[in-house]
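Trainee: So I've got this file, coords_13.pdb, and it contains PDB, C-alpha atoms:
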ATOM      1  CA  MET A   1      33.009  22.074  43.775
ATOM      2  CA  ALA A   2      32.747  22.610  47.531
ATOM      3  CA  ASN A   3      29.484  21.631  49.195
ATOM      4  CA  THR A   4      28.960  24.491  51.643
ATOM      5  CA  PRO A   5      25.603  24.697  53.469
ATOM      6  CA  SER A   6      23.933  27.963  54.412
ATOM      7  CA  ASN A   7      24.327  29.184  57.998
ATOM      8  CA  MET A   8      20.550  29.489  58.525
ATOM      9  CA  LEU A   9      20.241  33.010  59.915
ATOM     10  CA  GLU A  10      17.718  33.151  62.770
ATOM     11  CA  LEU A  11      14.101  33.564  61.664
ATOM     12  CA  GLY A  12      12.661  36.964  62.589
ATOM     13  CA  THR A  13      15.974  38.727  61.915
ATOM     14  CA  LYS A  14      15.470  42.165  60.312
ATOM     15  CA  ALA A  15      16.960  42.413  56.826
ATOM     16  CA  PRO A  16      20.305  44.208  57.143
ATOM     17  CA  PHE A  17      20.191  47.452  55.146
ATOM     18  CA  PHE A  18      22.382  47.791  52.074
ATOM     19  CA  GLU A  19      23.140  50.196  49.279
ATOM     20  CA  LEU A  20      25.197  48.611  46.521
ATOM     21  CA  PRO A  21      26.124  49.303  42.893
ATOM     22  CA  ASN A  22      24.224  47.576  40.091
ATOM     23  CA  PRO A  23      26.711  46.800  37.276
ATOM     24  CA  SER A  24      23.837  46.340  34.776
ATOM     25  CA  GLN A  25      22.640  49.886  35.543
ATOM     26  CA  SER A  26      25.950  51.766  35.072
ATOM     27  CA  ASN A  27      26.826  50.985  38.714
ATOM     28  CA  GLU A  28      23.859  53.016  39.959
ATOM     29  CA  MET A  29      23.617  52.668  43.728
ATOM     30  CA  GLN A  30      20.493  50.755  44.735
ATOM     31  CA  SER A  31      19.286  50.127  48.268
ATOM     32  CA  LEU A  32      17.154  47.542  49.991
ATOM     33  CA  GLU A  33      14.651  50.305  50.730
ATOM     34  CA  ASP A  34      14.425  51.233  47.011
ATOM     35  CA  LEU A  35      14.120  47.667  45.751
ATOM     36  CA  LYS A  36      12.108  45.779  48.388
ATOM     37  CA  GLY A  37       8.840  44.135  47.400
ATOM     38  CA  GLU A  38       5.442  45.322  48.565
ATOM     39  CA  LYS A  39       4.676  41.927  50.158
ATOM     40  CA  GLY A  40       8.033  40.124  50.299
ATOM     41  CA  THR A  41      11.689  40.347  49.328
ATOM     42  CA  LEU A  42      13.977  37.473  48.382
ATOM     43  CA  VAL A  43      17.672  38.301  48.819
ATOM     44  CA  ILE A  44      19.900  35.827  46.952
ATOM     45  CA  PHE A  45      23.658  35.625  47.344
ATOM     46  CA  MET A  46      24.967  34.237  44.074
ATOM     47  CA  CYS A  47      27.722  34.621  41.501
ATOM     48  CA  ASN A  48      28.370  33.978  37.814
ATOM     49  CA  HIS A  49      30.589  30.896  37.771
ATOM     50  CA  CYS A  50      29.282  28.610  40.546
ATOM     51  CA  PRO A  51      27.902  25.290  39.198
ATOM     52  CA  PHE A  52      25.113  25.408  41.819
ATOM     53  CA  VAL A  53      23.980  28.845  40.587
ATOM     54  CA  LEU A  54      24.258  27.807  36.937
ATOM     55  CA  HIS A  55      22.135  24.758  37.816
ATOM     56  CA  ILE A  56      19.190  26.841  39.119
ATOM     57  CA  ILE A  57      19.425  30.253  37.391
ATOM     58  CA  ASP A  58      16.850  29.526  34.682
ATOM     59  CA  LYS A  59      14.279  28.334  37.258
ATOM     60  CA  LEU A  60      15.076  31.346  39.464
ATOM     61  CA  ALA A  61      14.377  33.679  36.519
ATOM     62  CA  GLU A  62      11.122  31.809  35.887
ATOM     63  CA  LEU A  63      10.070  32.168  39.560
ATOM     64  CA  TYR A  64      10.744  35.892  39.347
ATOM     65  CA  GLU A  65       8.494  36.148  36.292
ATOM     66  CA  ASP A  66       5.804  34.192  38.182
ATOM     67  CA  TYR A  67       5.924  36.219  41.418
ATOM     68  CA  GLN A  68       7.063  39.787  40.668
ATOM     69  CA  ASN A  69       3.484  40.894  39.936
ATOM     70  CA  SER A  70       2.366  39.435  43.298
ATOM     71  CA  GLY A  71       4.475  41.959  45.226
ATOM     72  CA  ILE A  72       7.523  39.736  45.734
ATOM     73  CA  GLU A  73      10.842  41.251  44.643
ATOM     74  CA  PHE A  74      14.103  39.383  44.105
ATOM     75  CA  ILE A  75      17.476  41.042  44.765
ATOM     76  CA  ALA A  76      20.654  39.129  43.896
ATOM     77  CA  ILE A  77      24.010  40.057  45.418
ATOM     78  CA  ASN A  78      27.464  38.892  44.351
ATOM     79  CA  ALA A  79      30.028  39.138  47.161
ATOM     80  CA  ASN A  80      32.813  37.028  45.648
ATOM     81  CA  ASP A  81      36.399  38.314  45.542
ATOM     82  CA  ALA A  82      36.563  39.424  41.882
ATOM     83  CA  GLU A  83      40.347  39.859  42.001
ATOM     84  CA  LYS A  84      40.872  36.146  42.665
ATOM     85  CA  TYR A  85      37.770  35.132  40.672
ATOM     86  CA  PRO A  86      37.623  37.442  37.624
ATOM     87  CA  ALA A  87      34.632  35.489  36.231
ATOM     88  CA  ASP A  88      32.636  37.202  39.015
ATOM     89  CA  SER A  89      33.722  40.763  38.223
ATOM     90  CA  PRO A  90      31.068  43.494  37.880
ATOM     91  CA  ALA A  91      31.539  43.603  34.079
ATOM     92  CA  LYS A  92      30.987  39.839  33.901
ATOM     93  CA  MET A  93      27.917  40.203  36.173
ATOM     94  CA  ALA A  94      26.259  42.475  33.614
ATOM     95  CA  GLU A  95      27.119  39.992  30.829
ATOM     96  CA  PHE A  96      25.797  37.083  32.907
ATOM     97  CA  GLN A  97      22.498  38.883  33.516
ATOM     98  CA  VAL A  98      22.001  39.436  29.771
ATOM     99  CA  GLU A  99      23.112  35.901  28.862
ATOM    100  CA  LYS A 100      20.845  34.240  31.452
ATOM    101  CA  LYS A 101      17.934  36.634  30.795
ATOM    102  CA  PHE A 102      16.927  37.547  34.338
ATOM    103  CA  ASP A 103      15.408  40.918  35.168
ATOM    104  CA  PHE A 104      15.833  41.158  38.930
ATOM    105  CA  PRO A 105      18.584  43.479  40.249
ATOM    106  CA  TYR A 106      22.063  41.927  40.560
ATOM    107  CA  LEU A 107      24.222  44.018  42.908
ATOM    108  CA  TYR A 108      27.932  43.898  43.740
ATOM    109  CA  ASP A 109      29.131  43.678  47.359
ATOM    110  CA  GLU A 110      32.813  44.440  46.818
ATOM    111  CA  SER A 111      33.585  44.934  50.527
ATOM    112  CA  GLN A 112      31.718  41.713  51.431
ATOM    113  CA  ALA A 113      30.203  43.583  54.409
ATOM    114  CA  ILE A 114      26.641  42.833  53.293
ATOM    115  CA  ALA A 115      27.300  39.098  52.861
ATOM    116  CA  LYS A 116      28.743  39.087  56.375
ATOM    117  CA  ALA A 117      25.748  41.038  57.747
ATOM    118  CA  TYR A 118      23.431  38.364  56.309
ATOM    119  CA  ASN A 119      25.714  35.559  57.526
ATOM    120  CA  ALA A 120      25.715  34.266  53.943
ATOM    121  CA  ALA A 121      27.910  31.222  53.347
ATOM    122  CA  CYS A 122      27.274  29.800  49.899
ATOM    123  CA  THR A 123      26.095  30.513  46.378
ATOM    124  CA  PRO A 124      23.176  30.370  46.066
ATOM    125  CA  ASP A 125      22.036  31.393  49.553
ATOM    126  CA  PHE A 126      18.377  32.497  49.903
ATOM    127  CA  PHE A 127      16.828  34.858  52.478
ATOM    128  CA  PHE A 128      13.095  35.640  52.223
ATOM    129  CA  PHE A 129      11.654  38.581  54.163
ATOM    130  CA  ASP A 130       8.059  39.697  54.692
ATOM    131  CA  GLU A 131       6.704  43.204  54.056
ATOM    132  CA  LYS A 132       8.201  44.378  57.389
ATOM    133  CA  LEU A 133      11.601  42.950  56.292
ATOM    134  CA  ASP A 134      11.501  40.227  58.966
ATOM    135  CA  LEU A 135      13.150  36.946  57.911
ATOM    136  CA  ILE A 136      10.491  34.277  57.366
ATOM    137  CA  TYR A 137      12.390  31.718  55.245
ATOM    138  CA  ARG A 138      16.017  30.867  54.640
ATOM    139  CA  GLY A 139      17.389  27.789  53.015
ATOM    140  CA  GLN A 140      17.239  25.862  49.780
ATOM    141  CA  MET A 141      15.305  26.658  46.621
ATOM    142  CA  ASP A 142      14.552  22.925  46.300
ATOM    143  CA  ASP A 143      16.470  19.674  46.732
ATOM    144  CA  SER A 144      17.958  19.580  43.233
ATOM    145  CA  ARG A 145      21.752  19.864  43.040
ATOM    146  CA  PRO A 146      24.186  19.495  40.147
ATOM    147  CA  GLY A 147      24.505  15.790  39.453
ATOM    148  CA  ASN A 148      21.743  14.463  41.762
ATOM    149  CA  THR A 149      19.188  14.038  38.906
ATOM    150  CA  LYS A 150      16.349  15.616  40.943
ATOM    151  CA  GLU A 151      14.115  17.966  38.990
ATOM    152  CA  ILE A 152      14.624  21.702  39.524
ATOM    153  CA  THR A 153      11.210  22.786  40.804
ATOM    154  CA  GLY A 154      11.807  25.740  43.131
ATOM    155  CA  GLU A 155       9.395  23.956  45.477
ATOM    156  CA  ASP A 156      10.760  25.238  48.812
ATOM    157  CA  LEU A 157      10.703  28.864  47.659
ATOM    158  CA  ILE A 158       7.277  28.459  46.055
ATOM    159  CA  ILE A 159       5.863  27.131  49.345
ATOM    160  CA  ALA A 160       7.381  30.110  51.217
ATOM    161  CA  PHE A 161       5.986  32.583  48.647
ATOM    162  CA  GLU A 162       2.520  30.986  48.629
ATOM    163  CA  ASN A 163       2.374  30.836  52.437
ATOM    164  CA  LEU A 164       3.230  34.540  52.634
ATOM    165  CA  LEU A 165       0.681  35.513  49.976
ATOM    166  CA  ALA A 166      -2.035  33.418  51.677
ATOM    167  CA  GLY A 167      -1.219  34.782  55.137
ATOM    168  CA  GLU A 168      -0.301  31.286  56.322
ATOM    169  CA  PRO A 169       2.578  30.410  58.678
ATOM    170  CA  GLN A 170       5.837  29.263  57.121
ATOM    171  CA  GLU A 171       7.012  25.665  57.220
ATOM    172  CA  GLU A 172       8.898  24.913  60.438
ATOM    173  CA  MET A 173      11.241  22.534  58.632
ATOM    174  CA  GLN A 174      13.552  24.680  56.501
ATOM    175  CA  LEU A 175      16.543  22.952  54.937
ATOM    176  CA  PRO A 176      19.824  24.757  54.261
ATOM    177  CA  SER A 177      20.810  25.737  50.780
ATOM    178  CA  MET A 178      23.957  24.107  49.424
ATOM    179  CA  GLY A 179      26.524  25.549  47.082
ATOM    180  CA  CYS A 180      30.022  26.784  46.556
ATOM    181  CA  ASN A 181      31.430  28.794  49.423
ATOM    182  CA  ILE A 182      31.484  32.572  49.049
ATOM    183  CA  LYS A 183      34.965  33.508  47.857
ATOM    184  CA  TRP A 184      36.079  35.613  50.811
ATOM    185  CA  LYS A 185      38.965  38.043  50.605
ATOM    186  CA  ALA A 186      42.015  37.143  52.684
TER     187      ALA A 186
END
If you convert what's in this file into structure tokens, what do you get?
Mentor:
Amino acid sequence: MANTPSNMLELGTKAPFFELPNPSQSNEMQSLEDLKGEKGTLVIFMCNHCPFVLHIIDKLAELYEDYQNSGIEFIAINANDAEKYPADSPAKMAEFQVEKKFDFPYLYDESQAIAKAYNAACTPDFFFFDEKLDLIYRGQMDDSRPGNTKEITGEDLIIAFENLLAGEPQEEMQLPSMGCNIKWKA
């Protein structure tokens, strides 16, 4: 289990556009423009097999249930090399979504171009954009990690969501996410 921190893309960066297949929707192409939230959009780079993702996926699904009706949309993207890591294949993504019971879109970045455009480094890696698709938060969901016995609260994301919804400035101190490295193609 490699501890890879996020690269912390510069705040204010415009969300790079994407159009990717959704394995749970018969590989229908879905774009950032189609899926973005009315008030905010959380882009999550994740995969099926990473212990860090497995550690937080239930809380992430719960946060989505709590915030989707507030105008905040979640979009997950898997950019792992599915040839070397078959557990992260598109077919397994659809199974994982059903098994873990989350309703937000889970898209497949086979070329890895989108992960590179976002400067994503780890799974999970979180990027939160406002209604204009300007980056306002990037970093950890909370400080819980597999094996550190801290409660999974989603606190850092909740603060970012609540600040956006209240029209308040974001926290200046944003800590990197930590996870397995994205499985890049050679």
Trainee: Given the choices A:Asp130, A:Asn80, A:Asp103, A:Glu155, which gets closest to Gln25 in chain A if the distance is worked out from all atoms listed in the file?
Mentor: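 So, comparing all the options, the nearest one is A:Asp103.
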Trainee: Could you state which residues are captured by the PyMOL selection byres ((chain A and resi 16) around 7) in this file, as a list in words?
Mentor: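 Checked against the file, the PyMOL selection byres ((chain A and resi 16) around 7) matches Lys14, Ala15, Phe17, Phe18, Ala117 and Tyr118 of chain A.
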Trainee: What does the distance between CA of Asp134 in chain A and CA of Phe104 in chain A come to in Å, to one decimal place?
Mentor: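 Value for the CA of Asp134 in chain A-CA of Phe104 in chain A distance: 20.5 Å.
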Trainee: Using all atoms listed in the file, which residues sit within 8 Å of range 26-36 of chain A once same-chain residues fewer than 6 positions away are excluded, as JSON, numbers by chain?
Mentor: {"A": [17, 18, 19, 20, 73, 74, 75, 107]}
Trainee: Could you work out how far CA of Tyr106 in chain A lies from CA of Met173 in chain A, giving the answer in Å with one decimal?
Mentor: 28.6 Å
Trainee: Evaluate the PyMOL selection byres ((chain A and resi 8) around 12) on the structure here and hand back the selected residues as number ranges by chain.
Mentor: A: 4-7, 9-13, 118-122, 125-128, 135-140, 173-178
Trainee: Please, what distance in Å, to one decimal, runs between CA of Ile114 in chain A and CA of Lys183 in chain A?
Mentor: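 We find that CA of Ile114 in chain A and CA of Lys183 in chain A lie 13.6 Å from each other.
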Trainee: Residues picked by the PyMOL selection byres ((chain A and resi 93) around 9) here, as a list of chain:residue names?
Mentor: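 What the PyMOL selection byres ((chain A and resi 93) around 9) grabs from the file is A:Pro23, A:Ser24, A:Cys47, A:Asn48, A:Asn78, A:Ala87, A:Asp88, A:Ser89, A:Pro90, A:Ala91, A:Lys92, A:Ala94, A:Glu95, A:Phe96, A:Gln97, A:Val98, A:Tyr106, A:Leu107, A:Tyr108.
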Trainee: Just want the 6 Å neighbourhood of Lys39 in chain A, counted on all atoms listed in the file, with same-chain residues fewer than 5 positions away dropped. Output as a ChimeraX atom specification.
Mentor: /A:71-72,131
Trainee: For Ala186 in chain A, find every residue with an atom within 12 Å (counting all atoms listed in the file), except residues of its own chain fewer than 4 positions away, and show them as an MDAnalysis selection string.
Mentor: chainID A and resid 80:81 83:84 111:112
Trainee: Excluding range 61-66 of chain A and any residue of its chain fewer than 4 positions from it, enumerate the residues within 10 Å of it, using only C-alpha atoms, and give them as a PyMOL selection string.
Mentor: chain A and resi 42+56-57+70+72-74+100-104+153-154+157-158+161
Trainee: Write the selection just made, keeping C-alpha atoms, as a PDB file, in the coordinates of the input?
Mentor:
ATOM      1  CA  LEU A  42      13.977  37.473  48.382  1.00  0.00           C
ATOM      2  CA  ILE A  56      19.190  26.841  39.119  1.00  0.00           C
ATOM      3  CA  ILE A  57      19.425  30.253  37.391  1.00  0.00           C
ATOM      4  CA  SER A  70       2.366  39.435  43.298  1.00  0.00           C
ATOM      5  CA  ILE A  72       7.523  39.736  45.734  1.00  0.00           C
ATOM      6  CA  GLU A  73      10.842  41.251  44.643  1.00  0.00           C
ATOM      7  CA  PHE A  74      14.103  39.383  44.105  1.00  0.00           C
ATOM      8  CA  LYS A 100      20.845  34.240  31.452  1.00  0.00           C
ATOM      9  CA  LYS A 101      17.934  36.634  30.795  1.00  0.00           C
ATOM     10  CA  PHE A 102      16.927  37.547  34.338  1.00  0.00           C
ATOM     11  CA  ASP A 103      15.408  40.918  35.168  1.00  0.00           C
ATOM     12  CA  PHE A 104      15.833  41.158  38.930  1.00  0.00           C
ATOM     13  CA  THR A 153      11.210  22.786  40.804  1.00  0.00           C
ATOM     14  CA  GLY A 154      11.807  25.740  43.131  1.00  0.00           C
ATOM     15  CA  LEU A 157      10.703  28.864  47.659  1.00  0.00           C
ATOM     16  CA  ILE A 158       7.277  28.459  46.055  1.00  0.00           C
ATOM     17  CA  PHE A 161       5.986  32.583  48.647  1.00  0.00           C
TER      18      PHE A 161
END
Trainee: Taking only N, CA, C and O atoms, show range 102-138 of chain A of the given structure as an mmCIF file, in the first residue's frame.
Mentor:
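After the write, out.cif holds the following:
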data_model
loop_
_atom_site.group_PDB
_atom_site.id
_atom_site.type_symbol
_atom_site.label_atom_id
_atom_site.label_comp_id
_atom_site.auth_asym_id
_atom_site.auth_seq_id
_atom_site.Cartn_x
_atom_site.Cartn_y
_atom_site.Cartn_z
ATOM 1 N N PHE A 102 -23.402 3.271 -4.496
ATOM 2 C CA PHE A 102 -23.302 4.725 -4.668
ATOM 3 C C PHE A 102 -23.908 5.093 -6.010
ATOM 4 O O PHE A 102 -23.832 4.346 -6.970
ATOM 5 N N ASP A 103 -24.560 6.260 -6.026
ATOM 6 C CA ASP A 103 -25.352 6.673 -7.190
ATOM 7 C C ASP A 103 -24.675 7.716 -8.069
ATOM 8 O O ASP A 103 -25.186 8.039 -9.130
ATOM 9 N N PHE A 104 -23.560 8.277 -7.624
ATOM 10 C CA PHE A 104 -22.912 9.283 -8.462
ATOM 11 C C PHE A 104 -22.219 8.612 -9.650
ATOM 12 O O PHE A 104 -21.852 7.438 -9.581
ATOM 13 N N PRO A 105 -22.054 9.332 -10.767
ATOM 14 C CA PRO A 105 -21.427 8.754 -11.957
ATOM 15 C C PRO A 105 -19.992 8.301 -11.671
ATOM 16 O O PRO A 105 -19.263 8.960 -10.921
ATOM 17 N N TYR A 106 -19.619 7.181 -12.281
ATOM 18 C CA TYR A 106 -18.274 6.599 -12.117
ATOM 19 C C TYR A 106 -17.754 6.333 -13.526
ATOM 20 O O TYR A 106 -18.170 5.373 -14.178
ATOM 21 N N LEU A 107 -16.881 7.203 -14.014
ATOM 22 C CA LEU A 107 -16.440 7.210 -15.404
ATOM 23 C C LEU A 107 -15.057 6.582 -15.557
ATOM 24 O O LEU A 107 -14.265 6.545 -14.607
ATOM 25 N N TYR A 108 -14.761 6.131 -16.772
ATOM 26 C CA TYR A 108 -13.492 5.447 -17.040
ATOM 27 C C TYR A 108 -12.610 6.278 -17.961
ATOM 28 O O TYR A 108 -12.994 6.615 -19.077
ATOM 29 N N ASP A 109 -11.418 6.608 -17.467
ATOM 30 C CA ASP A 109 -10.424 7.405 -18.197
ATOM 31 C C ASP A 109 -9.337 6.467 -18.718
ATOM 32 O O ASP A 109 -8.229 6.424 -18.187
ATOM 33 N N GLU A 110 -9.667 5.720 -19.770
ATOM 34 C CA GLU A 110 -8.738 4.707 -20.274
ATOM 35 C C GLU A 110 -7.413 5.305 -20.731
ATOM 36 O O GLU A 110 -6.349 4.752 -20.476
ATOM 37 N N SER A 111 -7.454 6.464 -21.380
ATOM 38 C CA SER A 111 -6.225 7.080 -21.900
ATOM 39 C C SER A 111 -5.386 7.736 -20.802
ATOM 40 O O SER A 111 -4.222 8.056 -21.022
ATOM 41 N N GLN A 112 -5.982 7.961 -19.653
ATOM 42 C CA GLN A 112 -5.373 8.638 -18.507
ATOM 43 C C GLN A 112 -5.135 10.128 -18.761
ATOM 44 O O GLN A 112 -4.552 10.819 -17.933
ATOM 45 N N ALA A 113 -5.618 10.648 -19.869
ATOM 46 C CA ALA A 113 -5.417 12.064 -20.217
ATOM 47 C C ALA A 113 -6.116 12.986 -19.224
ATOM 48 O O ALA A 113 -5.604 14.067 -18.904
ATOM 49 N N ILE A 114 -7.283 12.569 -18.731
ATOM 50 C CA ILE A 114 -8.034 13.427 -17.812
ATOM 51 C C ILE A 114 -7.332 13.466 -16.449
ATOM 52 O O ILE A 114 -7.190 14.536 -15.851
ATOM 53 N N ALA A 115 -6.876 12.318 -15.972
ATOM 54 C CA ALA A 115 -6.126 12.297 -14.705
ATOM 55 C C ALA A 115 -4.902 13.200 -14.803
ATOM 56 O O ALA A 115 -4.590 13.945 -13.864
ATOM 57 N N LYS A 116 -4.234 13.168 -15.943
ATOM 58 C CA LYS A 116 -3.062 14.039 -16.123
ATOM 59 C C LYS A 116 -3.477 15.508 -16.175
ATOM 60 O O LYS A 116 -2.790 16.366 -15.614
ATOM 61 N N ALA A 117 -4.594 15.820 -16.826
ATOM 62 C CA ALA A 117 -5.070 17.203 -16.910
ATOM 63 C C ALA A 117 -5.384 17.765 -15.519
ATOM 64 O O ALA A 117 -5.190 18.950 -15.264
ATOM 65 N N TYR A 118 -5.869 16.907 -14.623
ATOM 66 C CA TYR A 118 -6.182 17.327 -13.258
ATOM 67 C C TYR A 118 -4.970 17.241 -12.326
ATOM 68 O O TYR A 118 -5.056 17.607 -11.165
ATOM 69 N N ASN A 119 -3.862 16.720 -12.840
ATOM 70 C CA ASN A 119 -2.664 16.501 -12.032
ATOM 71 C C ASN A 119 -2.973 15.579 -10.849
ATOM 72 O O ASN A 119 -2.457 15.757 -9.743
ATOM 73 N N ALA A 120 -3.860 14.614 -11.091
ATOM 74 C CA ALA A 120 -4.231 13.646 -10.055
ATOM 75 C C ALA A 120 -3.040 12.727 -9.783
ATOM 76 O O ALA A 120 -2.262 12.423 -10.690
ATOM 77 N N ALA A 121 -2.901 12.300 -8.538
ATOM 78 C CA ALA A 121 -1.756 11.475 -8.158
ATOM 79 C C ALA A 121 -2.154 10.185 -7.450
ATOM 80 O O ALA A 121 -1.460 9.187 -7.556
ATOM 81 N N CYS A 122 -3.273 10.242 -6.705
ATOM 82 C CA CYS A 122 -3.591 9.119 -5.834
ATOM 83 C C CYS A 122 -5.080 8.793 -5.893
ATOM 84 O O CYS A 122 -5.873 9.523 -6.461
ATOM 85 N N THR A 123 -5.417 7.655 -5.296
ATOM 86 C CA THR A 123 -6.817 7.273 -5.141
ATOM 87 C C THR A 123 -7.072 7.090 -3.640
ATOM 88 O O THR A 123 -6.358 6.311 -3.009
ATOM 89 N N PRO A 124 -7.987 7.881 -3.089
ATOM 90 C CA PRO A 124 -8.817 8.896 -3.725
ATOM 91 C C PRO A 124 -8.108 10.253 -3.786
ATOM 92 O O PRO A 124 -7.295 10.565 -2.925
ATOM 93 N N ASP A 125 -8.426 11.019 -4.807
ATOM 94 C CA ASP A 125 -7.915 12.381 -4.968
ATOM 95 C C ASP A 125 -9.139 13.258 -5.257
ATOM 96 O O ASP A 125 -9.894 12.969 -6.189
ATOM 97 N N PHE A 126 -9.354 14.297 -4.454
ATOM 98 C CA PHE A 126 -10.574 15.110 -4.494
ATOM 99 C C PHE A 126 -10.313 16.511 -5.031
ATOM 100 O O PHE A 126 -9.358 17.174 -4.605
ATOM 101 N N PHE A 127 -11.184 16.964 -5.937
ATOM 102 C CA PHE A 127 -11.114 18.299 -6.528
ATOM 103 C C PHE A 127 -12.522 18.892 -6.498
ATOM 104 O O PHE A 127 -13.425 18.351 -7.138
ATOM 105 N N PHE A 128 -12.712 19.986 -5.765
ATOM 106 C CA PHE A 128 -14.036 20.582 -5.599
ATOM 107 C C PHE A 128 -14.070 21.943 -6.293
ATOM 108 O O PHE A 128 -13.264 22.827 -5.991
ATOM 109 N N PHE A 129 -15.023 22.090 -7.206
ATOM 110 C CA PHE A 129 -15.162 23.280 -8.037
ATOM 111 C C PHE A 129 -16.476 23.999 -7.719
ATOM 112 O O PHE A 129 -17.480 23.350 -7.417
ATOM 113 N N ASP A 130 -16.459 25.328 -7.852
ATOM 114 C CA ASP A 130 -17.677 26.103 -7.643
ATOM 115 C C ASP A 130 -18.557 26.077 -8.895
ATOM 116 O O ASP A 130 -18.267 25.345 -9.850
ATOM 117 N N GLU A 131 -19.618 26.878 -8.887
ATOM 118 C CA GLU A 131 -20.573 26.846 -10.008
ATOM 119 C C GLU A 131 -19.931 27.327 -11.320
ATOM 120 O O GLU A 131 -20.414 27.010 -12.397
ATOM 121 N N LYS A 132 -18.838 28.082 -11.237
ATOM 122 C CA LYS A 132 -18.138 28.536 -12.446
ATOM 123 C C LYS A 132 -17.043 27.546 -12.852
ATOM 124 O O LYS A 132 -16.278 27.818 -13.769
ATOM 125 N N LEU A 133 -16.953 26.420 -12.134
ATOM 126 C CA LEU A 133 -15.949 25.375 -12.351
ATOM 127 C C LEU A 133 -14.533 25.874 -12.059
ATOM 128 O O LEU A 133 -13.566 25.442 -12.688
ATOM 129 N N ASP A 134 -14.420 26.775 -11.057
ATOM 130 C CA ASP A 134 -13.119 27.195 -10.547
ATOM 131 C C ASP A 134 -12.810 26.336 -9.319
ATOM 132 O O ASP A 134 -13.678 26.135 -8.458
ATOM 133 N N LEU A 135 -11.562 25.858 -9.219
ATOM 134 C CA LEU A 135 -11.163 25.002 -8.104
ATOM 135 C C LEU A 135 -11.134 25.805 -6.801
ATOM 136 O O LEU A 135 -10.442 26.813 -6.702
ATOM 137 N N ILE A 136 -11.914 25.329 -5.811
ATOM 138 C CA ILE A 136 -11.956 26.024 -4.525
ATOM 139 C C ILE A 136 -11.439 25.152 -3.376
ATOM 140 O O ILE A 136 -11.117 25.655 -2.308
ATOM 141 N N TYR A 137 -11.372 23.834 -3.594
ATOM 142 C CA TYR A 137 -10.824 22.934 -2.571
ATOM 143 C C TYR A 137 -10.199 21.739 -3.267
ATOM 144 O O TYR A 137 -10.758 21.211 -4.226
ATOM 145 N N ARG A 138 -9.053 21.328 -2.767
ATOM 146 C CA ARG A 138 -8.459 20.059 -3.192
ATOM 147 C C ARG A 138 -7.710 19.517 -1.995
ATOM 148 O O ARG A 138 -7.149 20.271 -1.206
#
